[in-house]
>>> print(open('target_15.pdb').read())   # PDB, C-alpha atoms
ATOM      1  CA  MET U 577      22.200  -7.278 -12.805
ATOM      2  CA  LYS U 578      21.198  -8.343  -9.290
ATOM      3  CA  ALA U 579      17.775  -8.580  -7.694
ATOM      4  CA  GLN U 580      16.670  -9.188  -4.124
ATOM      5  CA  VAL U 581      14.522 -12.249  -3.417
ATOM      6  CA  LEU U 582      11.528 -11.292  -1.278
ATOM      7  CA  PRO U 583       9.219 -13.504   0.788
ATOM      8  CA  PRO U 584       6.025 -14.636  -0.937
ATOM      9  CA  SER U 585       3.013 -12.336  -0.860
ATOM     10  CA  PRO U 586       0.143 -13.195   1.460
ATOM     11  CA  PRO U 587      -2.801 -15.007  -0.144
ATOM     12  CA  ALA U 588      -6.071 -13.277  -0.975
ATOM     13  CA  GLY U 589      -8.045 -12.369   2.142
ATOM     14  CA  LEU U 590      -8.177  -9.814   4.942
ATOM     15  CA  HIS U 591      -4.852  -9.402   6.757
ATOM     16  CA  ARG U 592      -3.649  -7.273   9.687
ATOM     17  CA  MET U 593      -0.629  -5.467   8.238
ATOM     18  CA  ARG U 594       1.779  -2.696   9.132
ATOM     19  CA  LEU U 595       2.822  -0.102   6.562
ATOM     20  CA  ILE U 596       6.596  -0.435   6.729
ATOM     21  CA  GLY U 597       7.529   2.201   4.176
ATOM     22  CA  ASN U 598       7.101   4.005   0.913
ATOM     23  CA  GLU U 599       9.619   4.870  -1.755
ATOM     24  CA  GLU U 600       9.735   6.601  -5.087
ATOM     25  CA  VAL U 601      10.482   4.179  -7.932
ATOM     26  CA  ASP U 602      10.517   4.073 -11.716
ATOM     27  CA  GLY U 603       6.972   3.550 -12.934
ATOM     28  CA  LYS U 604       5.371   2.839 -16.258
ATOM     29  CA  TRP U 605       5.883   5.051 -19.289
ATOM     30  CA  ASP U 606       9.025   6.722 -17.884
ATOM     31  CA  LYS U 607       7.094   8.283 -14.993
ATOM     32  CA  ARG U 608       7.948   8.185 -11.303
ATOM     33  CA  ALA U 609       5.731   6.135  -8.996
ATOM     34  CA  LEU U 610       5.312   5.498  -5.260
ATOM     35  CA  ARG U 611       5.656   1.971  -3.863
ATOM     36  CA  TRP U 612       3.914   1.335  -0.528
ATOM     37  CA  LEU U 613       5.176  -1.749   1.337
ATOM     38  CA  PHE U 614       3.042  -3.623   3.882
ATOM     39  CA  ALA U 615       3.974  -6.617   6.075
ATOM     40  CA  VAL U 616       1.580  -9.080   7.734
ATOM     41  CA  GLU U 617       1.691  -9.058  11.537
ATOM     42  CA  GLY U 618       0.784 -12.284  13.305
ATOM     43  CA  GLY U 619      -0.826 -15.511  12.218
ATOM     44  CA  GLU U 620       0.398 -18.067   9.741
ATOM     45  CA  HIS U 621       1.394 -15.418   7.170
ATOM     46  CA  ASP U 622       3.451 -13.304   9.597
ATOM     47  CA  GLY U 623       6.186 -11.386   7.808
ATOM     48  CA  LYS U 624       4.838 -11.860   4.297
ATOM     49  CA  GLN U 625       4.916  -8.626   2.341
ATOM     50  CA  ILE U 626       2.907  -7.009  -0.409
ATOM     51  CA  ALA U 627       3.412  -3.693  -2.166
ATOM     52  CA  ARG U 628       1.051  -1.321  -3.899
ATOM     53  CA  THR U 629       2.383   1.052  -6.546
ATOM     54  CA  THR U 630       0.627   4.352  -7.208
ATOM     55  CA  ALA U 631       1.107   7.582  -9.088
ATOM     56  CA  THR U 632       2.943  10.445  -7.378
ATOM     57  CA  GLU U 633       0.294  13.149  -7.896
ATOM     58  CA  ILE U 634      -2.607  13.148  -5.460
ATOM     59  CA  LYS U 635      -5.887  13.821  -7.248
ATOM     60  CA  LEU U 636      -9.321  13.313  -5.779
ATOM     61  CA  ASN U 637     -11.305  10.420  -7.281
ATOM     62  CA  GLU U 638      -8.135   8.775  -8.637
ATOM     63  CA  SER U 639      -6.195   5.795  -7.309
ATOM     64  CA  LEU U 640      -3.644   7.636  -5.155
ATOM     65  CA  GLY U 641      -6.163  10.112  -3.752
ATOM     66  CA  GLU U 642      -8.495   7.319  -2.678
ATOM     67  CA  PHE U 643      -5.595   5.269  -1.271
ATOM     68  CA  ILE U 644      -4.192   8.193   0.768
ATOM     69  CA  SER U 645      -7.686   8.914   2.082
ATOM     70  CA  GLU U 646      -7.919   5.272   3.220
ATOM     71  CA  LEU U 647      -4.439   5.373   4.825
ATOM     72  CA  LEU U 648      -5.187   8.573   6.743
ATOM     73  CA  GLY U 649      -8.753   7.563   7.560
ATOM     74  CA  LYS U 650     -10.164  10.877   6.394
ATOM     75  CA  GLU U 651     -11.434  12.695   3.324
ATOM     76  CA  LEU U 652      -8.908  14.775   1.392
ATOM     77  CA  MET U 653      -9.667  18.363   0.507
ATOM     78  CA  VAL U 654      -8.564  20.130  -2.685
ATOM     79  CA  GLY U 655      -5.567  22.356  -1.946
ATOM     80  CA  SER U 656      -4.659  20.600   1.306
ATOM     81  CA  THR U 657      -1.192  19.191   1.963
ATOM     82  CA  VAL U 658      -0.662  15.670   3.277
ATOM     83  CA  ASP U 659       2.374  14.028   4.853
ATOM     84  CA  LEU U 660       2.939  10.773   2.953
ATOM     85  CA  ASP U 661       5.148   9.484   5.784
ATOM     86  CA  GLU U 662       2.434   9.943   8.447
ATOM     87  CA  PRO U 663       0.896   6.452   8.048
ATOM     88  CA  ILE U 664       4.272   4.630   8.100
ATOM     89  CA  GLY U 665       4.483   2.284  11.073
ATOM     90  CA  LYS U 666       0.721   2.164  11.587
ATOM     91  CA  LEU U 667      -1.492  -0.933  11.507
ATOM     92  CA  PHE U 668      -4.156  -1.544   8.868
ATOM     93  CA  ASP U 669      -6.666  -4.178   7.907
ATOM     94  CA  VAL U 670      -5.661  -4.841   4.300
ATOM     95  CA  LEU U 671      -7.958  -6.545   1.822
ATOM     96  CA  VAL U 672      -5.816  -8.528  -0.619
ATOM     97  CA  VAL U 673      -7.535  -9.901  -3.737
ATOM     98  CA  GLN U 674      -6.503 -12.030  -6.678
ATOM     99  CA  GLY U 675      -5.104  -9.838  -9.466
ATOM    100  CA  THR U 676      -5.713 -10.222 -13.169
ATOM    101  CA  GLY U 677      -2.458 -12.170 -13.552
ATOM    102  CA  ASN U 678      -0.842 -14.716 -11.270
ATOM    103  CA  GLY U 679      -0.413 -12.451  -8.256
ATOM    104  CA  VAL U 680      -2.446 -10.677  -5.618
ATOM    105  CA  VAL U 681      -3.121  -6.958  -5.185
ATOM    106  CA  ILE U 682      -4.213  -4.620  -2.409
ATOM    107  CA  ARG U 683      -7.861  -3.633  -2.855
ATOM    108  CA  LYS U 684      -8.559  -1.635   0.345
ATOM    109  CA  VAL U 685      -6.844  -0.512   3.535
ATOM    110  CA  THR U 686      -8.547   0.464   6.782
ATOM    111  CA  PRO U 687      -6.698   1.996   9.741
ATOM    112  CA  VAL U 688      -6.712  -0.028  12.972
ATOM    113  CA  ALA U 689      -6.770   1.754  16.332
ATOM    114  CA  GLU U 690      -3.709   0.844  18.405
TER     115      GLU U 690
END
>>> encode(input="target_15.pdb", output="structure tokens")
Amino acid sequence: MKAQVLPPSPPAGLHRMRLIGNEEVDGKWDKRALRWLFAVEGGEHDGKQIARTTATEIKLNESLGEFISELLGKELMVGSTVDLDEPIGKLFDVLVVQGTGNGVVIRKVTPVAE
């Protein structure tokens, strides 16, 4: 088995980051998941990456629904359709916090006007 070595994640704090992509991956309990990959732009942590993994079904008041609402900068409506590729390439202020283990996790994303 082979695995790619990635750069270290940025430390906890607020970082200006670009969403560089999303992909469907194997998740927990034999379910599919979405991995959202962000990269720091500028400063001493330039290029460091962090990913957030979410469910694939968008439901209001659940993790993915709240995350997509943050990425798009608007409230989601029941029955609406969203383009999950729309925020790719855009800049965000990303709040990274210490996780429960050894790593860091994305807590909140806020779109940045370009």
>>> residues_around(input="target_15.pdb", residues="U:Thr632", least_positions_apart="5", cutoff="7 Å", atoms="all atoms listed in the file", output="PDB file with C-alpha atoms, in the coordinates of the input")
ATOM      1  CA  ARG U 608       7.948   8.185 -11.303  1.00  0.00           C
ATOM      2  CA  ALA U 609       5.731   6.135  -8.996  1.00  0.00           C
ATOM      3  CA  LEU U 610       5.312   5.498  -5.260  1.00  0.00           C
TER       4      LEU U 610
END
>>> resolve_selection(input="target_15.pdb", expression="the PyMOL selection byres ((chain U and resi 651-655) around 12)", output="NGL selection string")
:U and (634-638 or 640-650 or 656-659)
>>> residues_around(input="target_15.pdb", residues="stretch 617-630 of chain U", least_positions_apart="4", cutoff="7 Å", atoms="all atoms listed in the file", output="PyMOL selection string")
chain U and resi 583-586+592-594+609-613+639-640+682
>>> atom_distance(input="target_15.pdb", atom1="atom CA of U:Ala689", atom2="atom CA of U:Glu633")
27.7 Å
>>> atom_distance(input="target_15.pdb", atom1="atom CA of U:Leu667", atom2="atom CA of U:Leu595")
6.6 Å
>>> closest_residue(input="target_15.pdb", among="U:Ala631, U:Val688, U:Leu582, U:Ala588", to="U:Asp606", atoms="only C-alpha atoms")
U:Ala631
>>> closest_residue(input="target_15.pdb", among="U:Pro687, U:Lys604, U:Phe614, U:Ile596", to="U:Asp661", atoms="only C-alpha atoms")
U:Ile596
>>> resolve_selection(input="target_15.pdb", expression="the PyMOL selection byres ((chain U and resi 590) around 7)", output="JSON, numbers by chain")
{"U": [589, 591, 669, 670, 671, 672]}
>>> atom_distance(input="target_15.pdb", atom1="atom CA of U:Ala615", atom2="atom CA of U:Val681")
13.3 Å
